[in-house]
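Undergrad: Structure: protein_10.txt, compact mmCIF, C-alpha atoms.
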```
# COMPACT_ATOMS: atom_id res chain seq x y z
CA MET A 24 27.15 -11.36 -73.43
CA SER A 25 25.74 -11.33 -69.89
CA LEU A 26 25.70 -15.14 -70.01
CA LEU A 27 29.43 -15.13 -70.74
CA VAL A 28 30.09 -12.76 -67.83
CA PHE A 29 27.94 -14.95 -65.59
CA TYR A 30 29.83 -18.14 -66.44
CA LEU A 31 33.19 -16.40 -66.02
CA PHE A 32 32.41 -15.07 -62.55
CA ALA A 33 30.50 -18.21 -61.51
CA ALA A 34 33.57 -20.31 -62.36
CA ILE A 35 35.79 -17.92 -60.38
CA ALA A 36 33.39 -18.02 -57.41
CA VAL A 37 33.10 -21.82 -57.32
CA LEU A 38 36.83 -22.42 -57.77
CA ALA A 39 37.71 -19.83 -55.13
CA ALA A 40 35.15 -21.30 -52.70
CA LEU A 41 36.62 -24.75 -53.31
CA GLY A 42 40.08 -23.33 -52.69
CA MET A 43 38.93 -21.72 -49.46
CA VAL A 44 37.70 -25.07 -48.16
CA VAL A 45 40.70 -27.10 -49.37
CA LEU A 46 43.75 -24.85 -48.85
CA ARG A 47 45.63 -25.58 -45.64
CA ASN A 48 46.96 -22.09 -44.90
CA PRO A 49 44.29 -19.76 -43.37
CA VAL A 50 45.76 -16.74 -45.22
CA HIS A 51 45.20 -18.50 -48.56
CA SER A 52 41.65 -19.32 -47.45
CA ALA A 53 41.02 -15.66 -46.63
CA LEU A 54 42.32 -14.50 -50.02
CA SER A 55 40.15 -17.10 -51.79
CA LEU A 56 37.18 -15.80 -49.84
CA ALA A 57 37.97 -12.26 -51.08
CA LEU A 58 37.80 -13.60 -54.64
CA VAL A 59 34.38 -15.15 -53.90
CA PHE A 60 33.10 -11.85 -52.48
CA VAL A 61 34.26 -9.84 -55.50
CA SER A 62 32.79 -12.28 -58.01
CA LEU A 63 29.48 -12.25 -56.08
CA ALA A 64 29.54 -8.44 -56.36
CA ALA A 65 29.78 -8.93 -60.12
CA MET A 66 26.72 -11.20 -59.88
CA TYR A 67 24.79 -8.44 -58.12
CA VAL A 68 25.69 -6.03 -60.93
CA LEU A 69 24.36 -8.60 -63.42
CA LEU A 70 21.15 -8.77 -61.35
CA SER A 71 20.85 -4.96 -61.64
CA ALA A 72 21.42 -4.38 -57.92
CA PRO A 73 24.40 -1.98 -57.91
CA PHE A 74 23.75 -0.77 -54.36
CA ILE A 75 24.07 -4.31 -52.98
CA ALA A 76 27.15 -4.87 -55.15
CA VAL A 77 28.92 -1.85 -53.70
CA ALA A 78 27.82 -2.76 -50.16
CA GLN A 79 29.17 -6.28 -50.77
CA VAL A 80 32.60 -5.00 -51.74
CA MET A 81 32.73 -2.39 -48.97
CA ILE A 82 31.40 -4.46 -46.06
CA TYR A 83 32.39 -8.03 -46.91
CA ALA A 84 35.64 -7.55 -48.82
CA GLY A 85 36.52 -4.28 -47.09
CA ALA A 86 35.56 -4.74 -43.46
CA ILE A 87 34.84 -8.38 -42.62
CA LEU A 88 37.75 -9.84 -44.55
CA ILE A 89 40.20 -7.28 -43.16
CA LEU A 90 39.06 -8.31 -39.69
CA PHE A 91 39.77 -11.96 -40.59
CA VAL A 92 43.24 -11.10 -41.88
CA PHE A 93 43.95 -9.05 -38.74
CA VAL A 94 43.04 -11.97 -36.50
CA ILE A 95 45.11 -14.38 -38.61
CA MET A 96 48.07 -12.02 -38.26
CA LEU A 97 47.45 -11.66 -34.52
CA LEU A 98 47.19 -15.38 -33.82
CA SER A 99 49.42 -16.75 -36.63
CA PRO A 100 47.72 -20.13 -36.29
CA GLY A 101 49.94 -21.79 -38.90
CA THR A 102 48.80 -24.37 -41.37
CA ASP A 103 46.04 -26.81 -40.67
CA GLN A 104 47.51 -30.15 -39.62
CA GLY A 105 44.79 -32.17 -41.30
CA VAL A 106 42.22 -34.43 -39.76
CA GLY A 107 41.48 -34.19 -36.08
CA ALA A 108 39.80 -36.63 -33.77
CA LEU A 109 37.16 -37.77 -36.24
CA LYS A 110 38.86 -39.21 -39.32
CA ALA A 111 35.63 -40.57 -40.75
CA GLN A 112 34.07 -37.12 -40.50
CA ARG A 113 35.84 -35.86 -43.64
CA GLY A 114 34.47 -38.52 -45.97
CA LEU A 115 31.02 -38.37 -44.43
CA ALA A 116 30.99 -34.56 -44.68
CA ILE A 117 31.83 -34.61 -48.39
CA LEU A 118 29.23 -37.33 -48.97
CA PHE A 119 26.48 -35.44 -47.17
CA GLY A 120 27.52 -32.16 -48.79
CA ALA A 121 27.08 -33.75 -52.21
CA ALA A 122 23.77 -35.24 -51.10
CA LEU A 123 22.62 -31.79 -49.93
CA LEU A 124 23.54 -30.32 -53.32
CA VAL A 125 21.60 -33.03 -55.18
CA LEU A 126 18.63 -32.48 -52.88
CA LEU A 127 18.72 -28.70 -53.37
CA ILE A 128 18.92 -29.03 -57.15
CA ALA A 129 16.07 -31.56 -57.19
CA VAL A 130 13.81 -29.43 -54.99
CA LEU A 131 14.65 -26.09 -56.61
CA GLY A 132 14.42 -27.59 -60.10
CA GLY A 133 10.88 -28.75 -59.40
CA ALA A 134 9.80 -25.51 -57.73
CA VAL A 135 7.09 -23.46 -59.40
CA LEU A 136 7.79 -19.75 -59.11
CA PRO A 137 4.81 -17.48 -58.45
CA PRO A 138 3.61 -15.57 -61.50
CA THR A 139 2.91 -12.39 -59.54
CA ARG A 140 5.42 -9.67 -60.26
CA GLY A 141 6.13 -6.46 -58.39
CA THR A 142 6.43 -2.96 -59.77
CA PHE A 143 10.22 -2.64 -59.49
CA THR A 144 11.22 -3.66 -63.00
CA PRO A 145 14.83 -2.90 -63.95
CA GLU A 146 13.59 0.03 -66.03
CA ALA A 147 11.62 1.48 -63.11
CA ILE A 148 14.62 1.07 -60.79
CA ALA A 149 16.91 2.66 -63.36
CA ALA A 150 14.53 5.61 -63.68
CA GLU A 151 14.31 6.12 -59.92
CA GLY A 152 17.85 5.10 -59.01
CA ASP A 153 18.67 1.84 -57.21
CA THR A 154 19.95 3.47 -54.02
CA GLN A 155 16.96 5.80 -53.84
CA ALA A 156 14.51 2.92 -54.27
CA VAL A 157 16.20 0.75 -51.61
CA GLY A 158 16.58 3.69 -49.25
CA ALA A 159 12.93 4.71 -49.59
CA LEU A 160 11.80 1.17 -48.77
CA LEU A 161 14.26 0.97 -45.87
CA PHE A 162 12.84 4.09 -44.25
CA THR A 163 9.16 3.29 -44.84
CA ASN A 164 8.13 -0.38 -44.94
CA PHE A 165 11.25 -1.68 -43.19
CA LEU A 166 11.79 1.09 -40.66
CA LEU A 167 11.45 -1.14 -37.57
CA PRO A 168 13.97 -3.82 -38.70
CA PHE A 169 16.32 -1.03 -39.73
CA GLU A 170 16.12 0.54 -36.27
CA ILE A 171 16.57 -2.85 -34.59
CA THR A 172 19.85 -3.37 -36.46
CA SER A 173 21.23 -0.37 -34.58
CA ILE A 174 20.51 -2.15 -31.29
CA LEU A 175 22.12 -5.29 -32.71
CA LEU A 176 25.26 -3.36 -33.59
CA LEU A 177 25.34 -1.78 -30.13
CA VAL A 178 25.07 -5.22 -28.51
CA ALA A 179 27.87 -6.48 -30.75
CA ILE A 180 30.14 -3.56 -29.82
CA VAL A 181 29.53 -4.05 -26.08
CA GLY A 182 29.98 -7.82 -26.41
CA VAL A 183 33.27 -7.49 -28.26
CA ILE A 184 34.66 -5.08 -25.65
CA VAL A 185 33.67 -7.43 -22.83
CA LEU A 186 35.19 -10.44 -24.61
CA ALA A 187 38.39 -8.76 -25.75
CA LYS A 188 39.47 -6.95 -22.58
CA LYS A 189 41.71 -8.77 -20.14
CA ARG A 190 39.97 -9.95 -17.02
CA GLN A 191 41.48 -8.03 -14.12
CA SER A 192 40.29 -10.40 -11.42
CA ILE A 193 41.91 -13.42 -13.05
CA SER A 194 45.21 -11.76 -13.96
CA LYS A 195 45.70 -10.48 -10.39
CA GLN A 196 45.53 -13.92 -8.85
CA MET B 123 19.47 -16.24 -71.88
CA LEU B 124 20.34 -15.62 -68.25
CA THR B 125 17.57 -16.87 -65.97
CA VAL B 126 17.00 -16.98 -62.23
CA ASN B 127 17.89 -20.70 -62.30
CA HIS B 128 21.54 -19.95 -63.10
CA PHE B 129 21.91 -17.83 -59.99
CA ILE B 130 20.02 -20.23 -57.74
CA LEU B 131 22.21 -23.12 -58.92
CA LEU B 132 25.36 -21.11 -58.18
CA SER B 133 23.90 -20.21 -54.78
CA ALA B 134 23.22 -23.89 -54.00
CA ILE B 135 26.76 -24.91 -54.99
CA LEU B 136 28.32 -22.18 -52.83
CA PHE B 137 26.09 -23.07 -49.87
CA CYS B 138 27.07 -26.75 -50.04
CA LEU B 139 30.76 -25.86 -50.28
CA GLY B 140 30.37 -23.70 -47.19
CA ALA B 141 28.57 -26.48 -45.31
CA VAL B 142 31.30 -28.99 -46.21
CA GLY B 143 33.92 -26.45 -45.16
CA VAL B 144 32.39 -26.12 -41.70
CA LEU B 145 32.36 -29.90 -41.33
CA ILE B 146 35.84 -30.85 -42.57
CA ARG B 147 38.00 -28.01 -41.27
CA ARG B 148 39.38 -27.97 -37.73
CA ASN B 149 40.55 -24.35 -37.68
CA PRO B 150 37.79 -22.11 -36.21
CA LEU B 151 38.86 -19.20 -38.43
CA VAL B 152 38.32 -21.21 -41.61
CA MET B 153 35.06 -22.63 -40.24
CA PHE B 154 33.96 -19.07 -39.69
CA MET B 155 34.87 -18.13 -43.27
CA SER B 156 32.76 -21.07 -44.44
CA ILE B 157 29.80 -19.69 -42.48
CA GLU B 158 30.32 -16.36 -44.25
CA LEU B 159 30.30 -18.23 -47.56
CA MET B 160 26.92 -19.78 -46.69
CA LEU B 161 25.52 -16.35 -45.77
CA ASN B 162 26.74 -15.05 -49.12
CA ALA B 163 25.04 -17.90 -50.94
CA ALA B 164 21.77 -17.00 -49.22
CA ASN B 165 22.28 -13.36 -50.20
CA LEU B 166 22.74 -14.33 -53.83
CA ALA B 167 19.47 -16.29 -53.75
CA PHE B 168 17.69 -13.31 -52.18
CA VAL B 169 18.91 -10.89 -54.86
CA ALA B 170 18.18 -13.36 -57.67
CA PHE B 171 14.57 -13.82 -56.54
CA SER B 172 14.28 -10.07 -55.92
CA ARG B 173 15.25 -9.46 -59.53
CA TYR B 174 12.96 -12.21 -60.83
CA LEU B 175 9.89 -10.99 -58.91
CA ASN B 176 10.63 -7.29 -59.58
CA ASN B 177 10.38 -6.72 -55.86
CA LEU B 178 13.04 -4.90 -53.84
CA ASP B 179 12.27 -6.60 -50.50
CA GLY B 180 14.99 -9.19 -51.14
CA GLN B 181 17.61 -6.47 -51.42
CA ILE B 182 16.50 -5.02 -48.06
CA PHE B 183 16.91 -8.49 -46.54
CA VAL B 184 20.42 -8.69 -47.97
CA PHE B 185 21.20 -5.32 -46.41
CA LEU B 186 20.03 -6.60 -43.01
CA ILE B 187 22.00 -9.86 -43.43
CA LEU B 188 25.12 -7.78 -44.15
CA THR B 189 24.62 -6.02 -40.81
CA VAL B 190 24.08 -9.29 -38.95
CA ALA B 191 27.17 -10.82 -40.61
CA ALA B 192 29.31 -7.86 -39.57
CA ALA B 193 28.13 -8.12 -35.95
CA GLU B 194 28.59 -11.89 -36.00
CA VAL B 195 32.15 -11.67 -37.30
CA ALA B 196 33.12 -9.08 -34.69
CA VAL B 197 31.79 -11.18 -31.80
CA GLY B 198 32.99 -14.50 -33.22
CA LEU B 199 36.54 -13.30 -33.84
CA ALA B 200 36.65 -11.84 -30.31
CA ILE B 201 35.68 -15.28 -28.99
CA ILE B 202 38.41 -16.93 -31.09
CA VAL B 203 41.01 -14.43 -29.80
CA ALA B 204 39.89 -15.08 -26.20
CA MET B 205 40.07 -18.82 -26.86
CA PHE B 206 43.59 -18.51 -28.23
CA ARG B 207 44.70 -16.49 -25.19
CA ALA B 208 43.42 -19.19 -22.88
CA ARG B 209 44.59 -22.25 -24.82
CA GLU B 210 47.52 -21.20 -27.03
CA ASN B 211 46.09 -23.11 -29.94
CA VAL B 212 43.12 -22.82 -32.22
CA ASP B 213 41.69 -26.25 -32.94
CA VAL B 214 38.04 -26.86 -32.27
CA ASP B 215 38.70 -30.46 -31.25
CA GLU B 216 40.88 -29.25 -28.37
CA VAL B 217 38.20 -26.94 -27.00
CA ASN B 218 36.14 -29.46 -25.09
CA GLU B 219 36.59 -28.49 -21.47
CA LEU B 220 32.95 -27.56 -21.03
CA LYS B 221 31.87 -30.94 -22.37
CA GLY B 222 29.81 -32.69 -19.73
```
Write the structure described by the file as structure tokens, please.
TA:
Amino acid sequence: MSLLVFYLFAAIAVLAALGMVVLRNPVHSALSLALVFVSLAAMYVLLSAPFIAVAQVMIYAGAILILFVFVIMLLSPGTDQGVGALKAQRGLAILFGAALLVLLIAVLGGAVLPPTRGTFTPEAIAAEGDTQAVGALLFTNFLLPFEITSILLLVAIVGVIVLAKKRQSISKQ
Amino acid sequence: MLTVNHFILLSAILFCLGAVGVLIRRNPLVMFMSIELMLNAANLAFVAFSRYLNNLDGQIFVFLILTVAAAEVAVGLAIIVAMFRARENVDVDEVNELKG
């Protein structure tokens, strides 16, 4: 049953990702990307990580994608007019992308996974609650990275304001 | 039987599609979406290994990557908007004025 769900959402994710790369209109690309995000959220549910699944839908599909759609509306860049300066780049890119995939499959297929297992089995997580378990780790072992993300977000906010505001000195000239 | 290999294979396919997308598209918005797709592929690998190893550290990493992706998108889109104001078009091949 879970295998069937996996193949269904994997097919949706791969086809939507392909559509995002191929479709000429940026709005269609954005909508395909939304489909990828939602099907990846389904994957996280299959991997018994409901907290990450909800965060995926809220942050990626809810916030990041809306920002993309806003900017597309703001700029209305129109459809992509095809190849630019480097015509050979398209064929080479597809070739090397395929080569990268073959390489990844070969390396990952031959990888030996460590036999050591942690204590967070799906049953233990279900007993404690996924959000509680992640939250407890976030505020104990990973407290410093968690605090640093607040600085990162502050830097991003300041940076965006600086970039987005009109430069007074230039517009006065 | 659903194993970790299924998820890692899907992650690899999505990552390669994202990499090809960055290389073949000329629109910076779509290139940016492809970068998001690669980040998502990495997230899927993190959660898959987290589930396999019964260790929640991977999920914490995904949480941090989500934060970084949000900050990155905000700054990157602001740069694209500024670029569009200055140039009236969004094509990465046209943005070469700083090229030495």
Undergrad: Under the rule that all atoms listed in the file are counted, which of B:Met153, B:Val126, B:Leu188, B:Ala134 is the nearest residue to Pro49 (chain A)?
TA: B:Met153
Undergrad: Which residues come within 10 Å of Leu136 (chain A), counting all atoms listed in the file, excluding same-chain residues fewer than 5 positions away, as a PyMOL selection string?
TA: (chain A and resi 131) or (chain B and resi 171+174-175)
Undergrad: Residues of chain B within 6 Å of chain A, counting all atoms listed in the file, what are they? List them as a short mmCIF file (atom, residue, chain, number, x, y, z; two decimals) with C-alpha atoms, in the frame of the given file.
TA:
```
data_model
loop_
_atom_site.label_atom_id
_atom_site.label_comp_id
_atom_site.auth_asym_id
_atom_site.auth_seq_id
_atom_site.Cartn_x
_atom_site.Cartn_y
_atom_site.Cartn_z
CA LEU B 124 20.34 -15.62 -68.25
CA CYS B 138 27.07 -26.75 -50.04
CA VAL B 142 31.30 -28.99 -46.21
CA GLY B 143 33.92 -26.45 -45.16
CA LEU B 145 32.36 -29.90 -41.33
CA ILE B 146 35.84 -30.85 -42.57
CA LEU B 175 9.89 -10.99 -58.91
CA ASN B 176 10.63 -7.29 -59.58
CA ASN B 177 10.38 -6.72 -55.86
CA ALA B 193 28.13 -8.12 -35.95
CA VAL B 197 31.79 -11.18 -31.80
CA ALA B 200 36.65 -11.84 -30.31
#
```
Undergrad: Counting only C-alpha atoms, which of B:Ala196, B:Val144, B:Met205, B:Val184 gets nearest to Met160 (chain B)?
TA: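 Of all the options, B:Val144 lies closest to Met160 (chain B).
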Undergrad: Between CA of Ile202 (chain B) and CA of Leu151 (chain B), what distance in Å does the model show, to one decimal?
TA: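 Taking CA of Ile202 (chain B) and CA of Leu151 (chain B), their separation equals 7.7 Å.
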Undergrad: In terms of the shortest atom-to-atom distance over all atoms listed in the file, which of A:Val28, A:Ala84, A:Ala76, A:Ile35 is closest to Ala57 (chain A)?
TA: A:Ala84
Undergrad: In Å, rounded to a single decimal, give me how far CA of Glu170 (chain A) is from CA of Met155 (chain B).
TA: 27.4 Å
Undergrad: Would you please work out which residue, of A:Leu54, A:Val80, A:Pro73, A:Ile89, is nearest to Asn162 (chain B) when using only C-alpha atoms?
TA: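 Answer, going by the shortest atom-to-atom distance: A:Val80.
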Undergrad: Can you tell me which residues surround Leu161 (chain B) at a distance of at most 8 Å, considering all atoms listed in the file, apart from same-chain residues fewer than 3 positions away, and format the answer as a list of chain:residue names?
TA: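 With the cut-off at 8 Å, the set is B:Phe137, B:Ile157, B:Glu158, B:Ala164, B:Asn165, B:Ile187, B:Ala191.
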Undergrad: One number please: CA of Ala204 (chain B) to CA of Gly140 (chain B), in Å, one decimal.
TA: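 Result for CA of Ala204 (chain B) versus CA of Gly140 (chain B): 24.6 Å, one decimal.
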